[in-house]
Amino acid sequence: MQTIKIQIHHKEPLTVKKLATILYDEIGEEYDLMIEDIEDYFTFLSCTFLPNGTFISVVEFNLPELETREASVKGIVFSFLQSVALIDGIINITKMNDSILQEMALKYYEQIIELEMDMRDVLTYIITYSSKTINEEFFKTFGIIKSERLDNANIKENFENGLFYIYFNHYASFTKPQKLKAEKIAEFLQEPHISSFEKLKTKLQDRGLNEDRHIDFIASIKDKLNPVEKMRNAIMHIRNISDNTIRNFEMAIEDNGVNKGIKTLIEDFWNNENEILKQQTFMKLAEIEIRNIFTEINENKDSDYCSQSDIVNAMLDEEYQDLETFQNDILEYIDDEINILNYAITDENYQELSLTIQALWSEDE
């Protein structure tokens, strides 16, 4: 059952019979309905006589499930309202509530929520990668206007993202910082560590994002955000979602031939980042863990300390008699526990880590 509530501003009295007759002319014969059946679809919730001599009526009609597509149901409603608007004495008709629109809005809103969260994930990573902090000063650098006050303490307490506090149309504004005004440059020059032109130049260059590939990603989604924002605004302001709005939205977020949608661009971004950084990330995690193992061993040699690591406990109990066995156990542990992204470790990686283990082993002897 689809429920539509309308407010009608009219000069002449309006009846259920008159409305039912119009809807009967639209769908009666096609769906084998009687005029009496259609009259039951309508309920006058109120009718008020205004001081200017006109009426305001609030009418609810419930359209049953018909063997037709959603688009046709929407078409029936619009065709009906257009016909009602032609009645003599009708001044204006306004939809107040529309279950068809609600269903469409919820479907697209769920997609927008997921998309916005995914975009914020990427932008947060990009900003953090460039050693920047999401705060008011950072937003000012790019001329970004906040949608409301940014309370850093509240954001931290609720594990929120500062990007939630900027307008949607600014998500792609991080490609190029705004030009500095003279007073801002003068402010930079007064900072104690700015003691040369080169340091000032570095300060100015460091205002924006550091990686070209990150800037390229933001630029790639910029043109695609407008159709998403139009859909978002239509939903948030409970406006009609036109076929054109739907088509442009779907073309923006989904692939269209060789033209990639935002979803694929985000997926490609993460895959590319992982491919570029996976080796150095694994090697750094492994190196830190190896050094942590040796540090834990050294700090607890002469105590009854019991570690969560079997390798550390075995070393403290002097169970390892040779470097090779110890080294193999550490490398196996790293592959099983530290290699959280299942990076395909190369022979060169093993050799480099083995050299680190051998160096630390020699220091302990």
# chains A, B, ... in the order shown; residues from 1 in each chain; ligands from 1
call {"tool": "select_by_dssp", "arguments": {"residues": "segment 143-354 of chain A", "states": "helix (DSSP H, G or I)", "output": "NGL selection string"}}
result
:A and (152-157 or 162-165 or 168-170 or 182-189 or 197-205 or 212-222 or 225-236 or 243-253 or 262-299 or 310-316 or 323-338 or 347-354)
call {"tool": "residues_around", "arguments": {"residues": "segment 308-321 of chain A", "least_positions_apart": "2", "cutoff": "7 Å", "atoms": "only C-alpha atoms", "output": "ChimeraX atom specification"}}
result
/A:293,297,301,306,326
call {"tool": "write_last_selection", "arguments": {"atoms": "C-alpha atoms", "output": "compact mmCIF listing (two decimals), in the first residue's frame"}}
result
# COMPACT_ATOMS: atom_id res chain seq x y z
CA ILE A 293 61.83 -9.50 21.10
CA ILE A 297 64.95 -10.77 26.36
CA LYS A 301 67.59 -12.12 31.57
CA CYS A 306 57.27 -15.06 31.96
CA PHE A 326 66.43 -19.05 16.85
call {"tool": "residues_around", "arguments": {"residues": "segment 46-63 of chain A", "least_positions_apart": "3", "cutoff": "10 Å", "atoms": "only C-alpha atoms", "output": "PyMOL selection string"}}
result
chain A and resi 1-14+16+19-20+38-43+66+73+76-77+89-99
call {"tool": "closest_residue", "arguments": {"among": "A:Thr175, A:Thr15, A:Asn161, A:Gln102", "to": "Met236 of chain A", "atoms": "only C-alpha atoms"}}
result
A:Gln102
call {"tool": "closest_atom_pairs", "arguments": {"of": "segment 266-351 of chain A", "to": "segment 206-218 of chain A", "cutoff": "12 Å", "atoms": "only C-alpha atoms", "output": "tab-separated table"}}
result
residue	atom	partner	partner_atom	distance
A:Ile266	CA	A:Phe217	CA	8.3
A:Glu267	CA	A:Phe217	CA	11.1
A:Asp268	CA	A:Phe217	CA	9.6
A:Phe269	CA	A:Phe217	CA	7.2
A:Trp270	CA	A:Phe217	CA	10.6
A:Asn272	CA	A:Arg213	CA	9.6
A:Glu273	CA	A:Arg213	CA	9.3
A:Ile276	CA	A:Arg213	CA	10.9
call {"tool": "write_last_selection", "arguments": {"atoms": "N, CA and C atoms", "output": "mmCIF file, in the first residue's frame"}}
result
data_model
loop_
_atom_site.group_PDB
_atom_site.id
_atom_site.type_symbol
_atom_site.label_atom_id
_atom_site.label_comp_id
_atom_site.auth_asym_id
_atom_site.auth_seq_id
_atom_site.Cartn_x
_atom_site.Cartn_y
_atom_site.Cartn_z
ATOM 1 N N ILE A 266 37.534 4.389 -5.428
ATOM 2 C CA ILE A 266 37.947 4.174 -4.040
ATOM 3 C C ILE A 266 38.612 2.812 -3.884
ATOM 4 N N GLU A 267 38.015 1.800 -4.483
ATOM 5 C CA GLU A 267 38.598 0.451 -4.418
ATOM 6 C C GLU A 267 39.985 0.430 -5.061
ATOM 7 N N ASP A 268 40.106 1.081 -6.221
ATOM 8 C CA ASP A 268 41.410 1.147 -6.903
ATOM 9 C C ASP A 268 42.432 1.896 -6.045
ATOM 10 N N PHE A 269 41.976 2.932 -5.360
ATOM 11 C CA PHE A 269 42.896 3.705 -4.520
ATOM 12 C C PHE A 269 43.522 2.817 -3.464
ATOM 13 N N TRP A 270 42.688 2.061 -2.746
ATOM 14 C CA TRP A 270 43.218 1.212 -1.665
ATOM 15 C C TRP A 270 44.110 0.112 -2.220
ATOM 16 N N ASN A 272 45.903 0.230 -4.921
ATOM 17 C CA ASN A 272 47.150 0.855 -5.367
ATOM 18 C C ASN A 272 48.043 1.194 -4.173
ATOM 19 N N GLU A 273 47.441 1.742 -3.115
ATOM 20 C CA GLU A 273 48.224 2.075 -1.921
ATOM 21 C C GLU A 273 48.851 0.820 -1.322
ATOM 22 N N ILE A 276 51.775 -0.352 -3.455
ATOM 23 C CA ILE A 276 52.953 0.511 -3.344
ATOM 24 C C ILE A 276 53.653 0.344 -2.000
#
call {"tool": "closest_residue", "arguments": {"among": "A:Ile87, A:Leu355, A:Leu115, A:Met104", "to": "Ile246 of chain A", "atoms": "only C-alpha atoms"}}
result
A:Met104
call {"tool": "closest_residue", "arguments": {"among": "A:Arg120, A:Thr346, A:Gln279, A:Glu287", "to": "Ile330 of chain A", "atoms": "only C-alpha atoms"}}
result
A:Glu287
call {"tool": "atom_distance", "arguments": {"atom1": "atom CA of Asn342 of chain A", "atom2": "atom CA of Ser354 of chain A"}}
result
19.2 Å
call {"tool": "closest_residue", "arguments": {"among": "A:Ile27, A:Lys74, A:Asp322, A:Leu285", "to": "Glu103 of chain A", "atoms": "only C-alpha atoms"}}
result
A:Lys74
call {"tool": "residues_around", "arguments": {"residues": "Ser79 of chain A", "least_positions_apart": "2", "cutoff": "12 Å", "atoms": "only C-alpha atoms", "output": "mmCIF file with C-alpha atoms, in the first residue's frame"}}
result
data_model
loop_
_atom_site.group_PDB
_atom_site.id
_atom_site.type_symbol
_atom_site.label_atom_id
_atom_site.label_comp_id
_atom_site.auth_asym_id
_atom_site.auth_seq_id
_atom_site.Cartn_x
_atom_site.Cartn_y
_atom_site.Cartn_z
ATOM 1 C CA ILE A 22 -10.368 11.422 -11.452
ATOM 2 C CA LEU A 23 -8.345 8.427 -10.182
ATOM 3 C CA TYR A 24 -10.920 6.041 -11.691
ATOM 4 C CA ASP A 25 -10.362 7.660 -15.081
ATOM 5 C CA GLU A 26 -6.631 7.030 -14.594
ATOM 6 C CA ILE A 27 -6.636 3.368 -13.487
ATOM 7 C CA SER A 72 4.400 3.253 -13.042
ATOM 8 C CA VAL A 73 3.005 3.762 -9.542
ATOM 9 C CA LYS A 74 4.895 7.039 -9.331
ATOM 10 C CA GLY A 75 3.532 7.913 -12.772
ATOM 11 C CA ILE A 76 -0.033 7.171 -11.647
ATOM 12 C CA VAL A 77 0.342 9.498 -8.678
ATOM 13 C CA LEU A 81 -2.233 15.149 -9.175
ATOM 14 C CA GLN A 82 -1.871 16.857 -12.543
ATOM 15 C CA SER A 83 -5.527 16.087 -13.287
ATOM 16 C CA VAL A 84 -6.671 17.338 -9.867
ATOM 17 C CA ALA A 85 -4.767 20.570 -10.469
ATOM 18 C CA LEU A 86 -6.971 21.182 -13.542
#
call {"tool": "select_by_dssp", "arguments": {"residues": "segment 7-226 of chain A", "states": "strand (DSSP E)", "output": "NGL selection string"}}
result
:A and (7-10 or 42-49 or 55-63 or 90-98)
call {"tool": "write_last_selection", "arguments": {"atoms": "C-alpha atoms", "output": "PDB file, in the first residue's frame"}}
result
ATOM      1  CA  GLN A   7      -2.574  19.605   0.899  1.00  0.00           C
ATOM      2  CA  ILE A   8      -4.999  21.243  -1.538  1.00  0.00           C
ATOM      3  CA  HIS A   9      -5.663  24.969  -1.614  1.00  0.00           C
ATOM      4  CA  HIS A  10      -9.027  25.473  -3.325  1.00  0.00           C
ATOM      5  CA  PHE A  42      -9.426   8.603   0.022  1.00  0.00           C
ATOM      6  CA  THR A  43      -9.733  10.176   3.474  1.00  0.00           C
ATOM      7  CA  PHE A  44     -10.157  13.880   4.239  1.00  0.00           C
ATOM      8  CA  LEU A  45      -7.989  14.471   7.301  1.00  0.00           C
ATOM      9  CA  SER A  46      -9.019  18.112   7.558  1.00  0.00           C
ATOM     10  CA  CYS A  47     -10.759  20.914   5.700  1.00  0.00           C
ATOM     11  CA  THR A  48     -10.321  24.499   6.875  1.00  0.00           C
ATOM     12  CA  PHE A  49     -12.059  27.656   5.670  1.00  0.00           C
ATOM     13  CA  PHE A  55     -10.136  26.339   1.721  1.00  0.00           C
ATOM     14  CA  ILE A  56      -7.196  24.204   2.742  1.00  0.00           C
ATOM     15  CA  SER A  57      -7.910  20.478   2.649  1.00  0.00           C
ATOM     16  CA  VAL A  58      -5.523  17.752   3.745  1.00  0.00           C
ATOM     17  CA  VAL A  59      -6.290  14.514   1.949  1.00  0.00           C
ATOM     18  CA  GLU A  60      -4.696  11.110   2.344  1.00  0.00           C
ATOM     19  CA  PHE A  61      -5.120   8.440  -0.271  1.00  0.00           C
ATOM     20  CA  ASN A  62      -3.818   4.908  -0.096  1.00  0.00           C
ATOM     21  CA  LEU A  63      -3.013   3.270  -3.394  1.00  0.00           C
ATOM     22  CA  ILE A  90      -7.932  24.539  -7.426  1.00  0.00           C
ATOM     23  CA  ILE A  91      -5.240  27.076  -6.493  1.00  0.00           C
ATOM     24  CA  ASN A  92      -2.368  24.819  -5.486  1.00  0.00           C
ATOM     25  CA  ILE A  93      -1.520  21.222  -4.576  1.00  0.00           C
ATOM     26  CA  THR A  94       1.411  20.238  -2.370  1.00  0.00           C
ATOM     27  CA  LYS A  95       2.521  16.736  -1.463  1.00  0.00           C
ATOM     28  CA  MET A  96       3.026  16.521   2.300  1.00  0.00           C
ATOM     29  CA  ASN A  97       3.967  12.873   2.572  1.00  0.00           C
ATOM     30  CA  ASP A  98       4.681  10.234  -0.016  1.00  0.00           C
TER      31      ASP A  98
END
